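**Q** Got a structure for you, questions after.
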Amino acid sequence: MLTLYFSPGACSLASHIGLEETGAPYEAKPILLAKGQQRTEAYLKINPRGKVPALDADGKILVENTAILTYLARRFPEKRLMPADPAEEARCIGTMCWFSSIVHPSYQRFHRPERFADGEAAHPAIKENGRKSFWANLQEIDSMIKGNDWIMGRDFTAVDGYALVFYGWGARSGFAMKDLSAYTAWRERMMNRPTVRKSVESEENVSTT
Ligand SMILES: N[C@@H](CCC(=O)N[C@@H](CS)C(=O)NCC(=O)O)C(=O)O
């Protein structure tokens with residue numbers, strides 16, 4: 001049994017899309033970050049770090065999008081969520097590590113500067129640094145897609161679901177996403193994929209009240 005703990009619009013969308021791509025039955029349990037549900041005693045038993053996503057895979061709890069997506073790709077190799085060639089697989093994992101360790105934190109600095117320094121005086125500079133870095137990262141993703149259908153090249157991979165998270169955050173926060181023509185055209189292709197549309201729409205339909 002596979003159970004995904006996610007929050008609508010959070011980075012857990014990457015794992016949600018990956019799960020949907022497997023075609024396997026799964027349960028998706030919302031953990032509403034806006035309501036602090038990631039810090040409840042019940043959820044901290046699942047992920048003591050109080051973060052989404054977490055995947056309960058037949059009783060084993062997996063955390064971190066990169067690990068969850070790598071697990072899904074290996075458990076369902078016929079779905080080709082990552083290339084079979086070891087070097088190409090490493091390129092996928094490396095891109096997800098970059099998403100997790102550089103791109104995501106750049107948005108966090110912009111969105112939640114108070115998490116990076118005590119004292120309000122430092123927050124505007126942290127926010128501005130996050131804004132510039134996140135925008136540079138979005139531009140880099142745009143240039144990775146130029147001339148390709150998908151982030152890693154000719155084929156859709158787990159990396160694509162992860163990159164949709166950042167497009168959504170950029171759009172929601174007023175970044176000039178339409179100026180990123182390859183990323184914007186790619187988003188259209190993503191949303192035309194039934195698995196992606198289903199994951200996104202199911203998150204949008206979660207009641208947040
Ligand atoms: N590197 C982690 C990041 C996990 C993470 O930071 N998740 C955020 C949502 S985007 C979260 O749960 N935040 C809740 C909090 O910090 O209280 C991953 O890729 O899974």
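We name chains A, B, ... following the order of the structure tokens; residues begin at 1 in each chain, and ligands are numbered from 1 as shown.
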If we count only C-alpha atoms and set the cut-off at 9 Å, which residues sit around Phe156 in chain A, ignoring sequence neighbours fewer than 5 positions away in its own chain? Please answer as a count of residues only.
**A** 7
**Q** Within 8 Å of Ala163 in chain A, counting only C-alpha atoms, which residues show up once you throw out same-chain ones fewer than 4 positions away? Write them as a PyMOL selection string, please.
**A** chain A and resi 14+99+141+159+167
**Q** Please give me, as a PyMOL selection string, the residues lying within 9 Å of ligand 1 when counting only C-alpha atoms and all ligand atoms.
**A** chain A and resi 6-7+9-15+31+33-34+36-39+49-54+63-68+96-97+99-101+104-105+108+162+165
**Q** With DSSP run on the backbone, what are the alpha helix (DSSP H) residues within range 34-174 of chain A? I'd like them as a PyMOL selection string.
**A** chain A and resi 41-46+65-75+86-98+104-111+123-145+158-172
**Q** To test your reading of the structure, identify every residue in chain A that backbone DSSP assigns to strand (DSSP E), and report it as a count of residues only.
**A** 17
**Q** Which residue, A:Gly170, A:Pro48, A:Glu140, A:Phe116, has the smallest gap to Thr95 in chain A when you use only C-alpha atoms?
**A**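 Of all the options, A:Glu140 lies closest to Thr95 in chain A.
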**Q** Counting only C-alpha atoms, what is within 7 Å of range 183-190 of chain A, bar same-chain residues fewer than 5 positions away, as an MDAnalysis selection string?
**A** chainID A and resid 142 145 149:150 177:178 196
**Q** Give me the residues within 12 Å of Ala84 in chain A as a compact mmCIF listing (two decimals) with C-alpha atoms, in the first residue's frame, counting only C-alpha atoms and dropping any in the same chain fewer than 5 places off.
**A**
# COMPACT_ATOMS: atom_id res chain seq x y z
CA THR A 70 13.99 7.64 -7.15
CA ALA A 73 11.29 5.02 -10.58
CA ARG A 74 13.04 1.89 -9.34
CA PHE A 76 8.02 0.78 -11.30
CA PRO A 77 10.82 0.60 -13.93
CA GLU A 78 8.31 -0.08 -16.72
CA LYS A 79 6.96 3.46 -16.24
CA GLU A 89 19.79 8.28 -14.24
CA ALA A 90 22.52 10.12 -12.30
CA ARG A 91 21.80 13.26 -14.36
CA CYS A 92 18.15 13.04 -13.28
CA ASP A 155 11.59 11.90 -22.57
CA THR A 157 10.98 11.92 -16.34
**Q** Which is closest to Glu20 in chain A among A:Gly147, A:Lys45, A:Gly174, A:Arg193, if we use only C-alpha atoms?
**A** A:Arg193
**Q** So how many Å separate CA of Asn47 in chain A and CA of Lys60 in chain A, to one decimal?
**A**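 Interatomic distance here is 11.3 Å.
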**Q** What is the distance, in Å and to one decimal place, between CA of His111 in chain A and CA of Gly130 in chain A?
**A**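 Distance reported for this atom pair: 7.9 Å.
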**Q** Can you tell me how far CA of Pro8 in chain A sits from CA of Glu203 in chain A, in Å to one decimal?
**A**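 The value is 4.9 Å.
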**Q** Arg131 in chain A: which residues within 12 Å, counting only C-alpha atoms, same-chain residues fewer than 3 positions away excluded, as number ranges by chain?
**A** A: 103-113, 124-128, 134-138, 169-170, 173-176
